[in-house]
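**Student:** The following file, query.csv, comprises CSV, C-alpha atoms and all ligand atoms:
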chain,number,residue,atom,x,y,z
A,41,MET,CA,140.2,-139.2,83.5
A,42,GLY,CA,141.9,-135.8,83.0
A,43,SER,CA,145.7,-135.7,82.7
A,44,THR,CA,146.3,-134.2,86.2
A,45,ARG,CA,144.1,-136.8,87.8
A,46,LEU,CA,145.8,-139.6,85.8
A,47,THR,CA,149.2,-138.4,86.9
A,48,ARG,CA,148.0,-138.2,90.5
A,49,TYR,CA,146.4,-141.7,90.3
A,50,ARG,CA,149.7,-143.1,88.9
A,51,LYS,CA,151.7,-141.5,91.6
A,52,SER,CA,149.3,-142.8,94.3
A,53,LEU,CA,149.4,-146.3,92.8
A,54,ALA,CA,153.2,-146.2,92.6
A,55,HIS,CA,153.3,-145.0,96.2
A,56,GLN,CA,151.0,-147.9,97.3
A,57,VAL,CA,153.0,-150.5,95.5
A,58,THR,CA,156.3,-149.2,96.9
A,59,TYR,CA,154.7,-149.1,100.4
A,60,ALA,CA,153.4,-152.7,100.0
A,61,LEU,CA,156.9,-154.0,98.9
A,62,ARG,CA,158.5,-152.3,101.9
A,63,ASN,CA,155.9,-153.5,104.4
A,64,PRO,CA,154.7,-156.9,103.2
A,65,ASP,CA,153.3,-157.8,106.7
A,66,LYS,CA,150.7,-154.9,106.3
A,67,VAL,CA,149.3,-156.2,103.0
A,68,PRO,CA,147.0,-159.0,104.3
A,69,PRO,CA,145.2,-156.8,107.0
A,70,TYR,CA,144.9,-154.0,104.4
A,71,ALA,CA,143.5,-156.4,101.9
A,72,ARG,CA,140.9,-157.6,104.5
A,73,ARG,CA,139.9,-154.0,105.3
A,74,ALA,CA,139.7,-153.1,101.6
A,75,ALA,CA,137.4,-156.1,101.0
A,76,ARG,CA,135.2,-155.1,104.0
A,77,ASP,CA,135.1,-151.5,102.8
A,78,ALA,CA,134.0,-152.5,99.4
A,79,TRP,CA,131.2,-154.7,100.8
A,80,LEU,CA,130.0,-152.3,103.4
A,81,ARG,CA,130.0,-149.4,100.9
A,82,LEU,CA,127.7,-151.3,98.7
A,83,LYS,CA,125.3,-152.0,101.6
A,84,TYR,CA,125.4,-148.5,103.2
A,85,ARG,CA,125.4,-145.2,101.4
A,86,ASP,CA,125.3,-143.0,104.5
A,87,HIS,CA,128.6,-142.7,106.4
A,88,ILE,CA,127.1,-143.1,109.9
A,89,ALA,CA,125.4,-146.4,108.9
A,90,TYR,CA,128.6,-147.5,107.2
A,91,TYR,CA,130.9,-146.7,110.1
A,92,ARG,CA,128.4,-148.3,112.6
A,93,ALA,CA,128.8,-151.5,110.6
A,94,VAL,CA,132.6,-151.1,110.7
A,95,MET,CA,132.5,-150.8,114.5
A,96,ALA,CA,130.2,-153.9,114.7
A,97,SER,CA,132.7,-155.9,112.7
A,98,ASP,CA,135.7,-154.6,114.7
A,99,ALA,CA,134.0,-155.0,118.1
A,100,ALA,CA,133.1,-158.6,117.2
A,101,ARG,CA,136.8,-159.3,117.2
A,102,SER,CA,137.9,-157.1,120.1
A,103,THR,CA,136.4,-154.0,121.6
A,104,GLU,CA,139.8,-152.7,122.7
A,105,ALA,CA,141.0,-153.0,119.1
A,106,ALA,CA,137.8,-151.4,117.8
A,107,VAL,CA,138.5,-148.1,119.7
A,108,GLY,CA,142.3,-148.1,118.9
A,109,HIS,CA,144.5,-150.0,116.5
A,110,ASN,CA,146.7,-151.6,119.2
A,111,PRO,CA,144.5,-154.2,121.0
A,112,SER,CA,146.6,-154.4,124.2
A,113,ARG,CA,144.7,-153.5,127.4
A,114,ASP,CA,147.8,-151.6,128.7
A,115,ARG,CA,147.8,-149.3,125.6
A,116,TRP,CA,144.0,-148.9,126.0
A,117,ALA,CA,144.4,-147.8,129.6
A,118,GLN,CA,147.3,-145.6,128.8
A,119,ILE,CA,145.5,-143.7,126.0
A,120,GLY,CA,142.5,-143.2,128.3
A,121,ARG,CA,144.7,-141.9,131.1
A,122,MET,CA,146.4,-139.5,128.8
A,123,GLN,CA,143.1,-137.9,127.8
A,124,PHE,CA,142.0,-137.7,131.4
A,125,ASP,CA,145.2,-136.2,132.8
A,126,TYR,CA,145.3,-133.7,130.0
A,127,LEU,CA,141.7,-132.4,130.7
A,128,VAL,CA,142.3,-132.3,134.4
A,129,ARG,CA,145.5,-130.3,133.8
A,130,HIS,CA,143.3,-128.0,131.6
A,131,GLY,CA,140.8,-127.3,134.4
A,132,LEU,CA,138.2,-130.1,134.4
A,133,LYS,CA,136.5,-130.0,137.8
A,134,PRO,CA,134.3,-132.6,139.5
A,135,GLN,CA,131.3,-130.3,139.4
A,136,HIS,CA,131.5,-129.8,135.6
A,137,ARG,CA,129.1,-131.4,133.2
A,138,MET,CA,130.8,-133.3,130.4
A,139,LEU,CA,129.7,-134.6,127.0
A,140,GLU,CA,131.9,-137.2,125.4
A,141,ILE,CA,131.2,-137.6,121.7
A,142,GLY,CA,132.2,-141.1,120.4
A,143,CYS,CA,132.7,-142.3,124.0
A,144,GLY,CA,133.6,-145.9,122.8
A,145,ASN,CA,134.0,-148.5,125.5
A,146,LEU,CA,135.0,-145.7,128.0
A,147,ARG,CA,138.7,-146.0,127.6
A,148,ALA,CA,138.9,-142.4,129.1
A,149,GLY,CA,135.2,-142.2,130.0
A,150,ARG,CA,135.6,-144.6,133.0
A,151,LEU,CA,138.1,-142.1,134.5
A,152,PHE,CA,135.9,-139.1,133.8
A,153,ILE,CA,132.8,-140.9,135.3
A,154,ASP,CA,134.8,-141.7,138.4
A,155,TYR,CA,136.1,-138.1,138.8
A,156,LEU,CA,132.9,-136.2,138.0
A,157,GLU,CA,129.9,-135.8,140.3
A,158,SER,CA,127.1,-138.3,139.8
A,159,GLY,CA,125.1,-137.9,136.6
A,160,HIS,CA,127.5,-135.3,135.2
A,161,TYR,CA,129.0,-137.6,132.5
A,162,TYR,CA,127.2,-138.0,129.1
A,163,GLY,CA,128.6,-140.3,126.6
A,164,ILE,CA,127.2,-140.6,123.1
A,165,ASP,CA,128.2,-143.0,120.3
A,166,ILE,CA,126.8,-144.3,117.0
A,167,SER,CA,127.6,-147.9,117.8
A,168,PRO,CA,125.2,-150.1,119.9
A,169,ASP,CA,127.9,-152.8,120.1
A,170,ILE,CA,130.4,-150.3,121.6
A,171,LEU,CA,127.8,-148.9,124.0
A,172,ILE,CA,127.1,-152.4,125.3
A,173,ALA,CA,130.9,-152.7,125.8
A,174,ALA,CA,130.8,-149.3,127.6
A,175,GLN,CA,128.2,-150.7,130.0
A,176,ASP,CA,130.5,-153.7,130.7
A,177,THR,CA,133.2,-151.2,131.6
A,178,VAL,CA,130.9,-149.5,134.0
A,179,VAL,CA,130.1,-152.8,135.7
A,180,ARG,CA,133.8,-154.0,135.7
A,181,GLU,CA,134.9,-150.7,137.3
A,182,GLY,CA,132.0,-150.5,139.8
A,183,LEU,CA,130.8,-147.1,138.5
A,184,GLN,CA,127.1,-147.7,138.6
A,185,ALA,CA,126.5,-145.3,141.5
A,186,LYS,CA,127.9,-142.5,139.3
A,187,LEU,CA,124.9,-142.8,137.0
A,188,PRO,CA,126.7,-142.1,133.7
A,189,HIS,CA,124.4,-141.3,130.7
A,190,LEU,CA,125.3,-143.5,127.7
A,191,THR,CA,123.2,-142.8,124.7
A,192,LEU,CA,123.0,-144.1,121.1
A,193,THR,CA,123.0,-141.3,118.5
A,194,ASP,CA,122.5,-141.2,114.8
A,195,ASP,CA,123.9,-137.7,114.2
A,196,LEU,CA,125.7,-134.9,115.8
A,197,THR,CA,122.9,-132.3,116.2
A,198,PHE,CA,122.6,-133.0,119.9
A,199,ALA,CA,118.9,-132.2,119.5
A,200,PHE,CA,117.9,-134.2,122.6
A,201,LEU,CA,120.2,-132.2,124.9
A,202,PRO,CA,119.4,-128.9,126.5
A,203,ASP,CA,121.0,-125.5,125.7
A,204,ALA,CA,124.1,-124.2,127.5
A,205,SER,CA,124.6,-127.4,129.5
A,206,PHE,CA,128.2,-128.7,129.1
A,207,ASP,CA,131.3,-127.1,130.5
A,208,VAL,CA,133.5,-129.6,128.5
A,209,VAL,CA,132.7,-131.4,125.3
A,210,HIS,CA,135.4,-134.0,124.3
A,211,ALA,CA,135.9,-136.1,121.2
A,212,HIS,CA,139.0,-138.2,121.0
A,213,SER,CA,139.7,-140.1,117.8
A,214,VAL,CA,136.3,-139.4,116.3
A,215,PHE,CA,137.0,-136.8,113.7
A,216,SER,CA,139.8,-138.9,112.5
A,217,HIS,CA,137.0,-141.3,111.3
A,218,SER,CA,134.7,-138.6,110.1
A,219,PRO,CA,134.1,-137.0,106.7
A,220,PRO,CA,133.7,-133.2,106.4
A,221,ASP,CA,129.9,-133.1,106.6
A,222,VAL,CA,129.9,-135.0,109.9
A,223,ILE,CA,132.4,-132.6,111.4
A,224,GLU,CA,130.6,-129.6,110.0
A,225,GLN,CA,127.3,-130.8,111.5
A,226,CYS,CA,129.0,-131.2,114.9
A,227,LEU,CA,130.5,-127.7,114.7
A,228,ALA,CA,127.2,-126.2,113.6
A,229,HIS,CA,125.5,-127.5,116.7
A,230,VAL,CA,128.0,-127.8,119.5
A,231,GLY,CA,127.9,-124.1,120.4
A,232,ARG,CA,124.3,-124.4,121.5
A,233,VAL,CA,125.0,-127.0,124.1
A,234,LEU,CA,128.2,-125.4,125.4
A,235,ALA,CA,127.8,-123.7,128.8
A,236,PRO,CA,129.2,-120.1,129.0
A,237,GLY,CA,133.0,-120.4,129.2
A,238,GLY,CA,132.8,-124.0,128.1
A,239,PHE,CA,135.0,-125.6,125.4
A,240,PHE,CA,135.1,-128.4,123.0
A,241,ASP,CA,138.3,-130.4,122.5
A,242,PHE,CA,138.7,-132.8,119.6
A,243,THR,CA,141.6,-134.7,118.1
A,244,PHE,CA,142.2,-135.1,114.4
A,245,ASP,CA,144.6,-136.7,112.0
A,246,ARG,CA,146.6,-133.8,110.8
A,247,THR,CA,148.2,-133.5,107.4
A,248,GLU,CA,150.4,-130.7,106.0
A,249,GLY,CA,149.8,-131.9,102.5
A,250,ARG,CA,146.7,-132.9,100.6
A,251,GLU,CA,143.6,-133.8,102.6
A,252,HIS,CA,142.6,-137.4,102.0
A,253,GLN,CA,140.9,-140.5,103.4
A,254,VAL,CA,141.8,-144.1,103.6
A,255,LEU,CA,139.1,-146.8,103.0
A,256,HIS,CA,136.4,-144.3,104.3
A,257,GLU,CA,137.7,-145.1,107.8
A,258,ASP,CA,140.6,-142.7,108.4
A,259,PHE,CA,140.4,-139.0,107.4
A,260,TYR,CA,143.3,-136.5,107.3
A,261,TYR,CA,142.7,-132.8,107.6
A,262,ARG,CA,144.8,-129.6,107.5
A,263,THR,CA,144.5,-127.6,110.6
A,264,ASP,CA,143.3,-124.5,108.7
A,265,THR,CA,140.4,-126.3,107.2
A,266,LEU,CA,139.0,-127.2,110.7
A,267,VAL,CA,139.8,-123.7,112.1
A,268,GLU,CA,137.9,-122.1,109.3
A,269,LEU,CA,135.0,-124.5,109.6
A,270,ALA,CA,134.8,-123.6,113.3
A,271,ALA,CA,134.9,-119.9,112.5
A,272,LYS,CA,132.0,-120.3,110.0
A,273,HIS,CA,129.9,-121.4,113.0
A,274,GLY,CA,130.9,-118.7,115.4
A,275,LEU,CA,133.6,-120.7,117.2
A,276,SER,CA,137.2,-119.8,117.8
A,277,ALA,CA,139.7,-122.6,117.5
A,278,GLN,CA,143.0,-122.9,119.3
A,279,PHE,CA,145.7,-125.4,118.4
A,280,MET,CA,146.8,-127.3,121.5
A,281,ASP,CA,150.7,-127.2,121.4
A,282,ASP,CA,151.1,-129.0,124.7
A,283,TRP,CA,149.2,-132.0,123.4
A,284,GLU,CA,151.8,-132.5,120.6
A,285,LYS,CA,154.4,-133.3,123.3
A,286,LEU,CA,152.4,-136.4,124.4
A,287,PRO,CA,153.0,-139.8,122.8
A,288,HIS,CA,150.0,-139.7,120.5
A,289,LEU,CA,149.8,-139.4,116.7
A,290,GLN,CA,146.8,-137.1,116.4
A,291,SER,CA,146.7,-133.3,117.0
A,292,LYS,CA,144.1,-131.5,119.2
A,293,LEU,CA,142.0,-128.3,118.6
A,294,ARG,CA,140.0,-126.6,121.3
A,295,VAL,CA,137.0,-124.6,120.2
A,296,SER,CA,134.9,-122.2,122.2
A,297,ALA,CA,132.0,-119.8,121.4
A,298,VAL,CA,133.1,-116.3,120.4
A,299,SER,CA,129.7,-114.9,119.7
A,300,GLU,CA,126.1,-115.4,120.5
A,301,ALA,CA,125.8,-116.6,116.9
A,302,ALA,CA,127.4,-119.9,117.9
A,303,ARG,CA,124.7,-120.5,120.5
A,304,THR,CA,122.0,-120.5,117.9
A,305,VAL,CA,122.2,-123.3,115.4
A,306,SER,CA,123.6,-122.2,112.1
A,307,PRO,CA,122.5,-123.8,108.8
B,401,LIG,C1,138.5,-144.7,117.8
B,401,LIG,S1,137.1,-144.9,118.8
B,401,LIG,C2,137.5,-143.8,120.1
B,401,LIG,C3,136.6,-144.0,121.3
B,401,LIG,C4,136.9,-143.1,122.5
B,401,LIG,N1,136.8,-141.7,122.2
B,401,LIG,C5,138.3,-143.4,123.1
B,401,LIG,O1,139.2,-142.5,123.0
B,401,LIG,O2,138.5,-144.5,123.5
B,401,LIG,C6,135.9,-143.9,117.9
B,401,LIG,C7,134.5,-144.0,118.5
B,401,LIG,O3,133.7,-142.9,117.9
B,401,LIG,C8,132.5,-143.5,117.5
B,401,LIG,N2,132.0,-142.6,116.4
B,401,LIG,C9,132.5,-142.5,115.2
B,401,LIG,N3,131.8,-141.6,114.5
B,401,LIG,C10,130.9,-141.0,115.3
B,401,LIG,C11,129.9,-140.0,115.2
B,401,LIG,N4,129.8,-139.3,114.1
B,401,LIG,N5,129.2,-139.7,116.3
B,401,LIG,C12,129.3,-140.4,117.5
B,401,LIG,N6,130.3,-141.4,117.6
B,401,LIG,C13,131.0,-141.7,116.6
B,401,LIG,C14,132.8,-144.9,117.1
B,401,LIG,O4,131.6,-145.7,117.2
B,401,LIG,C15,133.8,-145.3,118.2
B,401,LIG,O5,133.2,-145.8,119.4
Taking this structure as input, can you express it in the form of structure tokens?
Ligand SMILES: C[S@@+](CC[C@H](N)C(=O)[O-])C[C@H]1O[C@@H](n2cnc3c(N)ncnc32)[C@H](O)[C@@H]1O

**Tutor:**
Amino acid sequence: MGSTRLTRYRKSLAHQVTYALRNPDKVPPYARRAARDAWLRLKYRDHIAYYRAVMASDAARSTEAAVGHNPSRDRWAQIGRMQFDYLVRHGLKPQHRMLEIGCGNLRAGRLFIDYLESGHYYGIDISPDILIAAQDTVVREGLQAKLPHLTLTDDLTFAFLPDASFDVVHAHSVFSHSPPDVIEQCLAHVGRVLAPGGFFDFTFDRTEGREHQVLHEDFYYRTDTLVELAAKHGLSAQFMDDWEKLPHLQSKLRVSAVSEAARTVSP
């Protein structure tokens, strides 16, 4: 280990020990997650397979907890409502077609499905367990007649979806669990499926300091990194200041196609 890395390692270890001493109640759940992380990392090399297994493990305990750290149903409903109200304020119309990436158990999706015309909601997710829970939400909310599309996916190339088809693409709390290559794959392909004038909103865990990840589950990015990644694929990104005023810890970026280049898949 070089001296800079050793110093950084010592600082990070000291920080972790201080944090643990100050928050003793957080140590057992962290230790459980660390053990699970070590085991699943041995089993799965690929991030999607790894995170799918994390979701299966979380969903076995509670699907509400699997899509958000706080397992209360009130908080689940509140976060879903916040996403919905925000997009309606920003111009979502019933006739729009919407793609929700990482739709989860339809915390917000149930409101989008209800609001949009039949067949206009497409939810994709990497977790079969979560998609079963999403179907339960459709049944519980009596939304069958709205014919939502709920599809399992293995990547974010959207290869099975047609060109220029979605007015709104939405991903809430998905890039906060995604390594850079997954985000880049999404940004390289999303322009192709966006309808003219369409946009893609996503939230992310923002850091002003060094980018880092915790237990391969939570990823922290600088805004500039994501803005530059979007630009690389012909997309312009706008930081959504009004989202910052809402009671939510993540930030939001909105990307839209600036050139025809975004509509053709870039490498
Ligand atoms: C924290 S949950 C949020 C779910 C939903 N967006 C919401 O706000 O309730 C993250 C969801 O994204 C899914 N997910 C994570 N990585 C994904 C990826 N690369 N592609 C599609 N779905 C993904 C997970 O399976 C999970 O259902």

**Student:** I'd like the neighbourhood of range 169-171 of chain A as JSON, numbers by chain, where a residue qualifies if any of its atoms comes within 6 Å (using all atoms listed in the file), though same-chain residues fewer than 3 positions away should be ignored.

**Tutor:** {"A": [96, 144, 145, 174]}

**Student:** For ligand LIG 401 (chain B), collect every residue having any atom at a distance of at most 7 Å from a ligand atom (counting only C-alpha atoms and all ligand atoms); output as an NGL selection string.

**Tutor:** :A and (88 or 91-92 or 95 or 106-108 or 120 or 141-148 or 164-167 or 170 or 193 or 195-196 or 211-214 or 217-218 or 222)

**Student:** Work out how far CA of His273 in chain A is from CA of Leu227 in chain A, in Å to one decimal.

**Tutor:**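 CA of His273 in chain A lies 6.6 Å from CA of Leu227 in chain A.
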
**Student:** As an exercise, work out the distance from CA of Arg101 in chain A to CA of Gln253 in chain A in Å and give it to one decimal place.

**Tutor:**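 Taking CA of Arg101 in chain A as the start and CA of Gln253 in chain A as the end point, the length is 23.7 Å.
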
**Student:** In Å, with one decimal, what is the gap from CA of Ile223 in chain A to CA of Gly237 in chain A?

**Tutor:**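 According to the coordinates, CA of Ile223 in chain A and CA of Gly237 in chain A are separated by 21.6 Å.
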
**Student:** At a cut-off of 7 Å from (126.3, -124.6, 121.4) in the coordinates of the file, what residues are picked up using only C-alpha atoms, written as a PyMOL selection string?

**Tutor:** chain A and resi 203-204+229-234+302-304

**Student:** Which neighbours of range 284-297 of chain A fall inside 6 Å, counting all atoms listed in the file, when residues of the same chain fewer than 6 positions from it are skipped, and could you give them as an NGL selection string?

**Tutor:** :A and (239-245 or 275-278)

**Student:** Mind listing as a list in words all residues within 7 Å of (149.3, -129.0, 106.6), counting only C-alpha atoms?

**Tutor:**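 Counting only C-alpha atoms, I find these residues within 7 Å of (149.3, -129.0, 106.6): Arg246, Thr247, Glu248, Gly249, Arg262 and Thr263 of chain A.
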
**Student:** With distances taken over all atoms listed in the file, which of A:Cys226, A:Met138, A:Ala93, A:Ile153 is nearest to His210 in chain A?

**Tutor:**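 Nearest candidate to His210 in chain A out of A:Cys226, A:Met138, A:Ala93, A:Ile153: A:Met138.
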
**Student:** Kindly indicate which residue among A:Arg85, A:Arg121, A:Arg73, A:Arg62 lies nearest to Asp258 in chain A, using only C-alpha atoms for the distances.

**Tutor:** A:Arg73
